[in-house]
>>> print(open('coords-v6.csv').read())   # CSV, C-alpha atoms and all ligand atoms
chain,number,residue,atom,x,y,z
A,725,MET,CA,-45.2,-159.0,-234.3
A,726,SER,CA,-48.1,-159.9,-232.0
A,727,ARG,CA,-48.3,-158.3,-228.6
A,728,GLN,CA,-50.7,-158.8,-225.7
A,729,GLY,CA,-51.7,-156.2,-223.2
A,730,ARG,CA,-49.8,-153.2,-221.9
A,731,ALA,CA,-49.8,-152.4,-218.3
A,732,GLY,CA,-53.0,-153.9,-217.1
A,733,GLY,CA,-54.8,-150.5,-217.4
A,734,LEU,CA,-52.4,-148.6,-215.1
A,735,ARG,CA,-49.5,-146.4,-216.2
A,736,PRO,CA,-46.3,-148.3,-216.3
A,737,GLY,CA,-44.6,-148.4,-213.0
A,738,VAL,CA,-47.3,-146.7,-210.9
A,739,PRO,CA,-48.0,-149.8,-208.7
A,740,PHE,CA,-44.2,-150.3,-208.6
A,741,LEU,CA,-43.7,-146.8,-207.2
A,742,LEU,CA,-46.6,-147.1,-204.8
A,743,VAL,CA,-45.2,-150.3,-203.3
A,744,HIS,CA,-41.9,-148.5,-202.6
A,745,LEU,CA,-43.7,-145.5,-201.0
A,746,ALA,CA,-45.9,-147.8,-198.9
A,747,VAL,CA,-42.8,-149.4,-197.3
A,748,LEU,CA,-42.4,-146.1,-195.3
A,749,ALA,CA,-45.4,-147.4,-193.3
A,750,VAL,CA,-43.0,-149.5,-191.3
A,751,VAL,CA,-42.6,-146.4,-189.1
A,752,ALA,CA,-46.3,-146.5,-188.2
A,753,VAL,CA,-46.8,-150.2,-187.8
A,754,GLY,CA,-43.6,-151.1,-185.9
A,755,VAL,CA,-42.0,-154.6,-186.1
A,756,SER,CA,-42.3,-157.9,-184.4
A,757,PRO,CA,-40.6,-161.3,-184.8
A,758,VAL,CA,-43.7,-162.8,-186.3
A,759,ALA,CA,-43.9,-160.0,-188.9
A,760,LEU,CA,-40.2,-160.6,-189.8
A,761,GLY,CA,-40.8,-164.3,-190.1
A,762,VAL,CA,-43.8,-163.9,-192.4
A,763,ALA,CA,-41.7,-161.5,-194.5
A,764,LEU,CA,-38.9,-164.0,-194.8
A,765,VAL,CA,-41.1,-166.9,-195.7
A,766,SER,CA,-43.0,-164.7,-198.2
A,767,TYR,CA,-39.7,-163.6,-199.8
A,768,LEU,CA,-38.3,-167.1,-200.1
A,769,ALA,CA,-41.5,-168.7,-201.5
A,770,ARG,CA,-42.1,-166.0,-204.1
A,771,MET,CA,-38.4,-165.8,-205.0
A,772,PHE,CA,-38.6,-169.6,-205.7
A,773,GLY,CA,-41.6,-168.8,-207.9
A,774,ILE,CA,-39.5,-166.4,-209.9
A,775,THR,CA,-36.3,-168.4,-210.1
A,776,ALA,CA,-37.7,-171.9,-210.6
A,777,PHE,CA,-40.7,-171.2,-212.6
A,778,TYR,CA,-40.6,-167.7,-214.3
A,779,HIS,CA,-37.0,-168.1,-215.1
A,780,ARG,CA,-35.8,-171.7,-215.3
A,781,TYR,CA,-39.2,-173.2,-216.4
A,782,PHE,CA,-41.1,-170.6,-218.4
A,783,SER,CA,-38.1,-168.8,-219.9
A,784,HIS,CA,-35.8,-171.7,-220.5
A,785,ARG,CA,-37.9,-174.9,-220.2
A,786,SER,CA,-35.2,-176.5,-218.1
A,787,PHE,CA,-37.6,-179.1,-216.7
A,788,ARG,CA,-41.0,-180.5,-217.4
A,789,CYS,CA,-44.1,-180.6,-215.2
A,790,SER,CA,-47.9,-181.2,-215.5
A,791,ARG,CA,-50.3,-178.4,-216.5
A,792,PRO,CA,-51.6,-177.9,-212.9
A,793,VAL,CA,-48.1,-177.7,-211.6
A,794,GLN,CA,-47.2,-175.3,-214.4
A,795,PHE,CA,-50.2,-173.1,-213.4
A,796,ALA,CA,-49.3,-173.3,-209.7
A,797,GLY,CA,-45.7,-172.2,-210.5
A,798,ALA,CA,-47.1,-169.3,-212.6
A,799,VAL,CA,-49.3,-168.2,-209.7
A,800,LEU,CA,-46.4,-168.4,-207.2
A,801,GLY,CA,-44.2,-166.3,-209.6
A,802,ALA,CA,-47.1,-163.8,-210.2
A,803,ALA,CA,-47.4,-163.3,-206.5
A,804,ALA,CA,-44.0,-161.5,-206.6
A,805,ALA,CA,-45.7,-158.7,-208.6
A,806,GLN,CA,-43.2,-158.9,-211.5
A,807,ARG,CA,-46.0,-159.0,-214.2
A,808,GLY,CA,-47.3,-162.2,-215.8
A,809,PRO,CA,-45.3,-165.3,-216.9
A,810,LEU,CA,-45.6,-164.5,-220.6
A,811,TRP,CA,-44.4,-160.9,-220.2
A,812,TRP,CA,-41.5,-162.0,-217.9
A,813,ALA,CA,-40.4,-164.9,-220.1
A,814,ALA,CA,-40.7,-162.9,-223.4
A,815,HIS,CA,-38.4,-160.2,-222.1
A,816,HIS,CA,-36.0,-162.7,-220.7
A,817,ARG,CA,-35.8,-164.6,-223.9
A,818,GLN,CA,-35.1,-161.4,-225.7
A,819,HIS,CA,-32.3,-160.7,-223.2
A,820,HIS,CA,-30.7,-164.0,-224.0
A,821,ARG,CA,-31.1,-163.5,-227.7
A,822,THR,CA,-29.3,-160.1,-227.7
A,823,THR,CA,-27.4,-160.1,-224.4
A,824,ASP,CA,-25.5,-156.8,-223.9
A,825,ARG,CA,-26.1,-155.9,-227.5
A,826,PRO,CA,-28.7,-153.7,-229.3
A,827,GLY,CA,-32.1,-155.1,-228.6
A,828,ASP,CA,-31.3,-156.3,-225.1
A,829,PRO,CA,-34.1,-154.7,-222.9
A,830,HIS,CA,-31.8,-154.3,-219.9
A,831,SER,CA,-28.1,-154.2,-220.6
A,832,PRO,CA,-25.9,-152.3,-218.2
A,833,ARG,CA,-24.0,-151.1,-221.2
A,834,GLU,CA,-26.9,-148.6,-221.5
A,835,GLY,CA,-26.4,-147.6,-217.8
A,836,PHE,CA,-26.4,-149.5,-214.5
A,837,TRP,CA,-29.8,-148.0,-213.5
A,838,HIS,CA,-31.3,-148.6,-216.9
A,839,ALA,CA,-30.5,-152.3,-216.4
A,840,HIS,CA,-31.6,-152.3,-212.8
A,841,LEU,CA,-35.1,-150.8,-213.1
A,842,LEU,CA,-35.4,-147.9,-215.6
A,843,TRP,CA,-36.1,-150.3,-218.5
A,844,LEU,CA,-39.3,-151.2,-216.8
A,845,PHE,CA,-40.7,-147.7,-217.5
A,846,ASP,CA,-39.8,-147.8,-221.2
A,847,PRO,CA,-43.1,-147.9,-223.2
A,848,ALA,CA,-41.4,-150.3,-225.6
A,849,ASN,CA,-41.2,-152.9,-222.8
A,850,GLN,CA,-44.9,-152.7,-221.6
A,851,GLY,CA,-46.5,-155.2,-224.0
A,852,THR,CA,-45.9,-159.0,-224.2
A,853,ARG,CA,-44.3,-160.2,-227.5
A,854,LEU,CA,-46.3,-163.4,-228.0
A,855,ASP,CA,-44.0,-164.4,-230.9
A,856,LEU,CA,-41.3,-165.0,-228.3
A,857,VAL,CA,-43.4,-167.2,-226.2
A,858,PRO,CA,-45.6,-169.3,-228.5
A,859,ASP,CA,-45.1,-172.4,-226.4
A,860,LEU,CA,-46.6,-170.5,-223.4
A,861,ALA,CA,-49.2,-168.5,-225.1
A,862,ARG,CA,-51.2,-171.6,-226.2
A,863,TYR,CA,-52.3,-172.0,-222.5
A,864,ARG,CA,-55.4,-169.9,-221.9
A,865,GLU,CA,-54.9,-169.8,-218.1
A,866,LEU,CA,-51.4,-168.4,-218.6
A,867,ARG,CA,-52.7,-165.7,-221.0
A,868,VAL,CA,-55.4,-164.8,-218.5
A,869,LEU,CA,-52.8,-164.6,-215.7
A,870,ASP,CA,-50.6,-162.4,-217.8
A,871,ARG,CA,-53.5,-160.1,-218.8
A,872,PHE,CA,-54.7,-159.7,-215.2
A,873,HIS,CA,-51.3,-159.8,-213.6
A,874,HIS,CA,-52.3,-157.5,-210.7
A,875,LEU,CA,-54.8,-160.0,-209.4
A,876,VAL,CA,-52.5,-162.4,-207.8
A,877,PRO,CA,-50.4,-159.8,-205.9
A,878,THR,CA,-53.6,-158.1,-204.8
A,879,LEU,CA,-54.9,-161.4,-203.4
A,880,THR,CA,-51.6,-162.1,-201.8
A,881,ALA,CA,-51.6,-158.7,-200.0
A,882,LEU,CA,-55.2,-159.4,-198.8
A,883,ALA,CA,-54.2,-162.8,-197.6
A,884,THR,CA,-51.2,-161.4,-195.7
A,885,PHE,CA,-53.4,-158.8,-194.1
A,886,GLY,CA,-55.9,-161.5,-193.1
A,887,LEU,CA,-53.1,-163.7,-191.7
A,888,GLY,CA,-52.0,-160.8,-189.5
A,889,VAL,CA,-55.5,-160.2,-188.3
A,890,GLY,CA,-55.9,-163.9,-187.5
A,891,LEU,CA,-52.6,-164.1,-185.6
A,892,ALA,CA,-53.3,-161.0,-183.6
A,893,ALA,CA,-56.7,-162.3,-182.6
A,894,ALA,CA,-55.5,-165.8,-181.8
A,895,TRP,CA,-52.3,-164.9,-180.0
A,896,PRO,CA,-52.3,-161.3,-178.7
A,897,GLY,CA,-48.9,-162.0,-177.1
A,898,LEU,CA,-47.3,-161.9,-180.6
A,899,HIS,CA,-47.9,-158.1,-180.6
A,900,THR,CA,-48.7,-158.0,-184.2
A,901,SER,CA,-51.6,-156.8,-186.4
A,902,GLY,CA,-53.0,-157.1,-189.8
A,903,TRP,CA,-51.3,-153.9,-191.0
A,904,GLN,CA,-48.0,-154.9,-189.5
A,905,VAL,CA,-47.9,-158.3,-191.2
A,906,LEU,CA,-49.2,-156.6,-194.5
A,907,VAL,CA,-46.4,-154.1,-194.5
A,908,TRP,CA,-43.6,-156.5,-193.6
A,909,GLY,CA,-44.9,-159.7,-195.1
A,910,PHE,CA,-46.0,-158.2,-198.4
A,911,LEU,CA,-44.7,-154.7,-199.0
A,912,VAL,CA,-41.2,-154.9,-197.6
A,913,SER,CA,-40.6,-158.4,-199.0
A,914,THR,CA,-41.9,-157.4,-202.4
A,915,VAL,CA,-39.5,-154.5,-202.6
A,916,ALA,CA,-36.7,-156.8,-201.5
A,917,LEU,CA,-37.8,-159.3,-204.2
A,918,TYR,CA,-37.7,-156.5,-206.8
A,919,HIS,CA,-34.2,-155.3,-206.1
A,920,SER,CA,-32.7,-158.8,-205.7
A,921,THR,CA,-34.2,-159.9,-209.0
A,922,PHE,CA,-33.1,-156.7,-210.7
A,923,ALA,CA,-29.6,-157.2,-209.4
A,924,VAL,CA,-29.2,-160.2,-211.7
A,925,ASN,CA,-29.7,-157.9,-214.7
A,926,SER,CA,-27.5,-155.0,-213.3
A,927,VAL,CA,-25.0,-156.3,-210.8
A,928,ALA,CA,-24.4,-159.7,-212.3
A,929,HIS,CA,-23.6,-158.2,-215.7
A,930,ARG,CA,-21.0,-155.9,-214.2
A,931,PHE,CA,-19.5,-157.2,-211.0
A,932,GLY,CA,-18.1,-160.7,-210.3
A,933,ARG,CA,-16.1,-163.4,-211.9
A,934,ARG,CA,-16.3,-164.9,-215.3
A,935,ARG,CA,-15.7,-168.6,-215.5
A,936,PHE,CA,-16.8,-169.1,-219.1
A,937,VAL,CA,-16.2,-167.2,-222.3
A,938,THR,CA,-19.5,-165.8,-223.4
A,939,ARG,CA,-20.3,-163.0,-225.8
A,940,ASP,CA,-21.8,-160.9,-223.0
A,941,ASP,CA,-20.7,-159.3,-219.8
A,942,SER,CA,-22.4,-161.9,-217.4
A,943,ARG,CA,-20.6,-162.6,-214.1
A,944,ASN,CA,-20.8,-165.0,-211.2
A,945,ASN,CA,-21.7,-163.0,-208.2
A,946,ALA,CA,-22.0,-164.8,-204.8
A,947,VAL,CA,-24.0,-162.0,-203.1
A,948,VAL,CA,-26.5,-161.9,-205.8
A,949,ALA,CA,-26.7,-165.7,-205.8
A,950,LEU,CA,-27.4,-165.7,-202.1
A,951,LEU,CA,-30.2,-163.1,-202.5
A,952,THR,CA,-31.8,-164.9,-205.5
A,953,LEU,CA,-31.5,-168.5,-204.4
A,954,GLY,CA,-28.8,-169.3,-206.9
A,955,GLU,CA,-29.5,-166.9,-209.9
A,956,GLY,CA,-26.3,-164.9,-209.3
A,957,TRP,CA,-24.2,-167.7,-211.0
A,958,HIS,CA,-25.1,-165.7,-214.0
A,959,ASN,CA,-22.0,-166.3,-216.2
A,960,ASN,CA,-22.7,-170.1,-215.7
A,961,HIS,CA,-26.3,-169.5,-216.7
A,962,HIS,CA,-25.4,-167.5,-219.9
A,963,ARG,CA,-23.0,-170.3,-220.8
A,964,PHE,CA,-25.5,-173.1,-220.2
A,965,PRO,CA,-28.9,-171.3,-220.3
A,966,ARG,CA,-31.0,-174.4,-220.3
A,967,SER,CA,-29.5,-176.0,-217.3
A,968,ALA,CA,-31.8,-176.2,-214.3
A,969,ARG,CA,-28.7,-176.1,-212.2
A,970,GLN,CA,-26.8,-172.8,-212.2
A,971,GLY,CA,-24.4,-173.3,-209.3
A,972,MET,CA,-21.7,-175.4,-211.0
A,973,GLY,CA,-18.8,-175.1,-208.6
A,974,ARG,CA,-18.5,-177.0,-205.4
A,975,LEU,CA,-19.1,-173.9,-203.3
A,976,GLU,CA,-21.7,-172.4,-205.6
A,977,LEU,CA,-24.8,-172.8,-203.5
A,978,ASP,CA,-28.0,-173.0,-205.7
A,979,PRO,CA,-31.0,-173.4,-203.4
A,980,THR,CA,-33.4,-173.2,-206.4
A,981,TRP,CA,-31.7,-176.3,-207.8
A,982,LEU,CA,-32.1,-178.1,-204.4
A,983,GLY,CA,-35.7,-177.1,-204.3
A,984,LEU,CA,-36.3,-178.4,-207.9
A,985,ARG,CA,-34.6,-181.7,-206.9
A,986,LEU,CA,-37.0,-181.9,-203.9
A,987,LEU,CA,-40.0,-181.3,-206.2
A,988,ALA,CA,-38.6,-184.0,-208.6
A,989,ARG,CA,-38.4,-186.4,-205.7
A,990,LEU,CA,-42.0,-185.6,-204.9
A,991,GLY,CA,-43.0,-186.3,-208.5
A,992,LEU,CA,-44.1,-182.7,-209.2
A,993,VAL,CA,-41.5,-181.9,-211.8
A,994,ARG,CA,-39.3,-184.1,-214.1
A,995,ASP,CA,-36.6,-184.2,-216.7
A,996,LEU,CA,-34.4,-181.6,-214.9
A,997,GLN,CA,-31.8,-180.5,-217.5
A,998,THR,CA,-28.2,-180.5,-216.2
A,999,VAL,CA,-24.8,-180.2,-217.7
A,1000,LEU,CA,-22.6,-183.3,-217.8
A,1001,ALA,CA,-19.5,-183.0,-215.6
A,1002,ARG,CA,-17.4,-183.8,-218.7
A,1003,ALA,CA,-19.1,-181.0,-220.7
A,1004,LEU,CA,-18.5,-178.7,-217.8
A,1005,ALA,CA,-14.8,-179.6,-217.6
A,1006,LEU,CA,-14.4,-179.0,-221.3
A,1007,ALA,CA,-16.3,-175.6,-221.1
A,1008,ALA,CA,-14.1,-174.5,-218.2
A,1009,THR,CA,-11.0,-174.7,-220.5
A,1010,GLU,CA,-12.5,-172.0,-222.6
A,1011,LEU,CA,-10.8,-169.4,-220.4
A,1012,SER,CA,-7.4,-170.9,-221.1
A,1013,PRO,CA,-5.5,-170.1,-224.3
A,1014,ARG,CA,-6.1,-173.7,-225.2
A,1015,ALA,CA,-9.8,-173.6,-225.5
A,1016,GLY,CA,-12.0,-176.7,-225.7
A,1017,PRO,CA,-14.7,-177.3,-228.2
A,1018,GLU,CA,-18.3,-176.2,-227.9
A,1019,VAL,CA,-20.4,-178.7,-226.0
A,1020,ALA,CA,-24.0,-179.4,-225.9
A,1021,ASN,CA,-26.1,-179.1,-222.9
A,1022,HIS,CA,-28.3,-182.1,-222.2
A,1023,ALA,CA,-28.8,-185.1,-220.0
A,1024,PRO,CA,-31.4,-185.4,-217.3
A,1025,PRO,CA,-29.9,-186.5,-214.0
A,1026,ARG,CA,-31.2,-190.1,-213.9
A,1027,PRO,CA,-31.8,-192.6,-216.7
A,1028,ARG,CA,-35.5,-193.3,-217.3
A,1029,PRO,CA,-36.9,-196.7,-218.3
A,1030,ALA,CA,-37.4,-197.2,-222.0
A,1031,PRO,CA,-40.7,-195.8,-223.1
A,1032,ALA,CA,-43.5,-198.2,-223.9
A,1033,THR,CA,-43.2,-197.2,-227.6
A,1034,GLY,CA,-40.1,-199.3,-227.8
A,1035,ARG,CA,-38.0,-196.2,-228.8
A,1036,PRO,CA,-34.6,-196.2,-227.2
A,1037,ASP,CA,-34.1,-194.3,-224.0
A,1038,ARG,CA,-32.3,-191.1,-225.0
A,1039,SER,CA,-31.5,-190.1,-221.5
A,1040,SER,CA,-27.7,-190.0,-221.4
A,1041,ARG,CA,-25.0,-190.7,-218.9
A,1042,PRO,CA,-21.3,-190.4,-219.1
A,1043,PRO,CA,-20.1,-193.5,-220.8
A,1044,ARG,CA,-18.4,-196.1,-218.7
A,1045,GLY,CA,-15.0,-197.5,-219.4
A,1046,PRO,CA,-11.9,-195.6,-220.3
A,1047,ARG,CA,-12.3,-191.8,-220.2
A,1048,PRO,CA,-12.4,-190.4,-223.7
A,1049,ARG,CA,-9.5,-188.3,-224.7
A,1050,ARG,CA,-10.1,-184.6,-224.6
A,1051,PRO,CA,-10.5,-183.4,-228.2
A,1052,ARG,CA,-7.6,-181.4,-229.5
A,1053,ALA,CA,-8.0,-177.8,-228.2
A,1054,ARG,CA,-9.0,-175.1,-230.6
A,1055,LEU,CA,-10.1,-171.5,-230.2
A,1056,LEU,CA,-13.8,-171.1,-230.0
A,1057,PRO,CA,-15.6,-169.0,-232.7
A,1058,PRO,CA,-17.8,-166.3,-231.3
A,1059,ARG,CA,-21.0,-167.9,-229.9
A,1060,ALA,CA,-24.1,-167.7,-231.9
A,1061,PRO,CA,-27.1,-166.0,-230.1
A,1062,VAL,CA,-28.7,-168.4,-227.7
A,1063,PRO,CA,-31.7,-170.0,-229.6
A,1064,LEU,CA,-35.1,-170.0,-228.1
A,1065,GLU,CA,-36.1,-173.2,-226.5
A,1066,PRO,CA,-38.4,-175.2,-228.9
A,1067,PRO,CA,-42.0,-175.2,-228.1
A,1068,SER,CA,-42.8,-178.0,-225.7
A,1069,SER,CA,-45.5,-180.4,-226.9
A,1070,ALA,CA,-46.8,-180.9,-223.3
A,1071,PRO,CA,-45.6,-179.3,-220.1
A,1101,ZN,ZN,-28.2,-162.0,-218.2
A,1102,ZN,ZN,-32.0,-166.8,-218.3
>>> encode(input="coords-v6.csv", output="structure tokens")
Amino acid sequence: MSRQGRAGGLRPGVPFLLVHLAVLAVVAVGVSPVALGVALVSYLARMFGITAFYHRYFSHRSFRCSRPVQFAGAVLGAAAAQRGPLWWAAHHRQHHRTTDRPGDPHSPREGFWHAHLLWLFDPANQGTRLDLVPDLARYRELRVLDRFHHLVPTLTALATFGLGVGLAAAWPGLHTSGWQVLVWGFLVSTVALYHSTFAVNSVAHRFGRRRFVTRDDSRNNAVVALLTLGEGWHNNHHRFPRSARQGMGRLELDPTWLGLRLLARLGLVRDLQTVLARALALAATELSPRAGPEVANHAPPRPRPAPATGRPDRSSRPPRGPRPRRPRARLLPPRAPVPLEPPSSAP
């Protein structure tokens, strides 16, 4: 089993604890509307880096993008100070392989606080298992980002401080300072990012509603979904892990999905994986005594023109014409562990 790196030369959790302690500096620097605004923007941007790229792209390959966009997404995720993309994706793939069973790095069955944050301090979780992320490890820039994962958060903190200094110099009426914008725009928002992200592992495996039958304890939790731009629809996610869209009900807001659709419109990402409405309807019957059959997760949202190679276009759409009869209901066998996504030939 190959592993890369440990904790970037620092004891596990030391920067994590320091960031929490540094939040106390809010007492010294005070607060201003502009500092709160920077904190909010910083939170939303970096959360999108975690949800869209670290989770839905690197961990689940739920869409495709070019190598420069892949790297930009990795940098945005790394700015959230949750280690590098390889480390994050490897642990998350392990979570899906063994969800709430022995081997899961962060199951609440071992304790709520273990799942929330104590697992981060376990020496067994410090290195990156490259055998779980061979499709990512072949990119040198991602390996470097993973190895020097403190670099991006450090530069982000410096940039935030510089922004505060600039704002204070240009508009003294804003009553802000470099330190104030640093504390709110980086430290407070980073701690908020930590606990919102961790809540997916702890809260969304214990509190909420289960729409689908899964072999784990995953739940749909609206509060966690709100804080994490849609990741709280976690039971949906464990049922359809490769879907780029996790909010599957009419009222299940999924801002990450909306952001990805915007990026697709701009041509920055493509081939967003979604679940066909028909498959979703069948899967929803799993909770009834008359359960539907297992269904595959596939289908990009729009058909693409046939490739120049002459091969048939495999993008699929619900067939037109009479609706197919629902297959005769039968009870589902226990689900097999979620397989790893196959290595992508090109991002
Ligand atoms: Zn989970
Ligand atoms: Zn996942």
>>> residues_around(input="coords-v6.csv", residues="Pro739 of chain A", least_positions_apart="5", cutoff="10 Å", atoms="all atoms listed in the file", output="PDB file with C-alpha atoms, keeping the file's coordinate frame")
ATOM      1  CA  LEU A 734     -52.400-148.600-215.100  1.00  0.00           C
ATOM      2  CA  HIS A 744     -41.900-148.500-202.600  1.00  0.00           C
ATOM      3  CA  LEU A 745     -43.700-145.500-201.000  1.00  0.00           C
ATOM      4  CA  ALA A 805     -45.700-158.700-208.600  1.00  0.00           C
ATOM      5  CA  HIS A 874     -52.300-157.500-210.700  1.00  0.00           C
TER       6      HIS A 874
END
>>> closest_residue(input="coords-v6.csv", among="A:Pro847, A:Val907, A:Leu810, A:Thr822", to="ligand ZN 1101 (chain A)", atoms="only C-alpha atoms and all ligand atoms")
A:Thr822
>>> residues_near_ligand(input="coords-v6.csv", ligand="ligand ZN 1102 (chain A)", cutoff="7 Å", atoms="all atoms listed in the file", output="VMD selection string")
chain A and resid 779 to 780 783 to 784 816 820 961 to 962 965
>>> write_last_selection(input="coords-v6.csv", atoms="C-alpha atoms", output="PDB file, keeping the file's coordinate frame")
ATOM      1  CA  HIS A 779     -37.000-168.100-215.100  1.00  0.00           C
ATOM      2  CA  ARG A 780     -35.800-171.700-215.300  1.00  0.00           C
ATOM      3  CA  SER A 783     -38.100-168.800-219.900  1.00  0.00           C
ATOM      4  CA  HIS A 784     -35.800-171.700-220.500  1.00  0.00           C
ATOM      5  CA  HIS A 816     -36.000-162.700-220.700  1.00  0.00           C
ATOM      6  CA  HIS A 820     -30.700-164.000-224.000  1.00  0.00           C
ATOM      7  CA  HIS A 961     -26.300-169.500-216.700  1.00  0.00           C
ATOM      8  CA  HIS A 962     -25.400-167.500-219.900  1.00  0.00           C
ATOM      9  CA  PRO A 965     -28.900-171.300-220.300  1.00  0.00           C
TER      10      PRO A 965
END
>>> residues_near_ligand(input="coords-v6.csv", ligand="ligand ZN 1101 (chain A)", cutoff="7 Å", atoms="all atoms listed in the file", output="list in words")
His819, His820, Thr823, Val924, Asn925, His929, Ser942, His958 and His962 of chain A
>>> residues_near_point(input="coords-v6.csv", point="(-21.9, -153.1, -214.6)", cutoff="7 Å", atoms="only C-alpha atoms", output="PyMOL selection string")
chain A and resi 832+836+926-927+929-931
>>> closest_residue(input="coords-v6.csv", among="A:Thr980, A:Asn945, A:Thr900, A:Thr952", to="Ala916 of chain A", atoms="all atoms listed in the file")
A:Thr952
>>> residues_around(input="coords-v6.csv", residues="Leu879 of chain A", least_positions_apart="3", cutoff="12 Å", atoms="all atoms listed in the file", output="count of residues only")
18
>>> residues_around(input="coords-v6.csv", residues="Gly754 of chain A", least_positions_apart="5", cutoff="10 Å", atoms="only C-alpha atoms", output="NGL selection string")
:A and (749 or 759 or 899-901 or 903-905 or 907-908)
>>> closest_residue(input="coords-v6.csv", among="A:Gly902, A:Leu741, A:Phe845, A:Gly797", to="Leu887 of chain A", atoms="only C-alpha atoms")
A:Gly902
>>> closest_residue(input="coords-v6.csv", among="A:Val993, A:Val765, A:Leu856, A:Ala892", to="Arg821 of chain A", atoms="all atoms listed in the file")
A:Leu856
>>> closest_residue(input="coords-v6.csv", among="A:Leu953, A:Trp811, A:Gly773, A:Gln997", to="Val793 of chain A", atoms="only C-alpha atoms")
A:Gly773
>>> atom_distance(input="coords-v6.csv", atom1="atom CA of Phe964 of chain A", atom2="atom CA of Leu841 of chain A")
25.3 Å
>>> decode(input="coords-v6.csv", residues="segment 820-864 of chain A", atoms="C-alpha atoms", output="short mmCIF file (atom, residue, chain, number, x, y, z; two decimals), in the first residue's frame")
data_model
loop_
_atom_site.label_atom_id
_atom_site.label_comp_id
_atom_site.auth_asym_id
_atom_site.auth_seq_id
_atom_site.Cartn_x
_atom_site.Cartn_y
_atom_site.Cartn_z
CA HIS A 820 -17.72 5.29 0.65
CA ARG A 821 -16.09 1.87 0.44
CA THR A 822 -16.76 1.05 4.08
CA THR A 823 -19.43 3.52 5.17
CA ASP A 824 -20.36 3.04 8.82
CA ARG A 825 -18.50 -0.26 8.91
CA PRO A 826 -15.00 -1.23 10.07
CA GLY A 827 -12.50 0.67 7.96
CA ASP A 828 -14.58 3.85 7.68
CA PRO A 829 -12.27 6.64 8.84
CA HIS A 830 -15.10 8.70 10.32
CA SER A 831 -18.24 6.79 11.22
CA PRO A 832 -20.42 8.17 14.04
CA ARG A 833 -20.85 4.56 15.14
CA GLU A 834 -17.44 5.09 16.76
CA GLY A 835 -18.71 8.25 18.43
CA PHE A 836 -20.14 11.52 17.22
CA TRP A 837 -16.99 13.52 17.98
CA HIS A 838 -14.79 10.88 16.44
CA ALA A 839 -16.74 11.33 13.19
CA HIS A 840 -16.77 15.11 13.50
CA LEU A 841 -13.10 15.82 14.09
CA LEU A 842 -11.19 13.39 16.33
CA TRP A 843 -10.49 11.10 13.36
CA LEU A 844 -8.29 13.87 11.97
CA PHE A 845 -5.83 13.34 14.82
CA ASP A 846 -5.52 9.58 14.32
CA PRO A 847 -1.99 8.80 13.09
CA ALA A 848 -3.50 6.21 10.74
CA ASN A 849 -5.26 9.01 8.86
CA GLN A 850 -2.26 11.28 8.29
CA GLY A 851 -0.80 9.83 5.09
CA THR A 852 -2.39 9.69 1.67
CA ARG A 853 -3.18 6.22 0.29
CA LEU A 854 -2.19 6.65 -3.31
CA ASP A 855 -3.66 3.27 -4.22
CA LEU A 856 -7.11 4.80 -3.63
CA VAL A 857 -6.48 7.75 -5.96
CA PRO A 858 -4.34 6.45 -8.86
CA ASP A 859 -6.33 8.56 -11.30
CA LEU A 860 -5.34 11.72 -9.40
CA ALA A 861 -1.82 10.76 -8.38
CA ARG A 862 -0.66 10.71 -11.99
CA TYR A 863 -0.87 14.51 -12.10
CA ARG A 864 2.36 15.97 -10.76
#
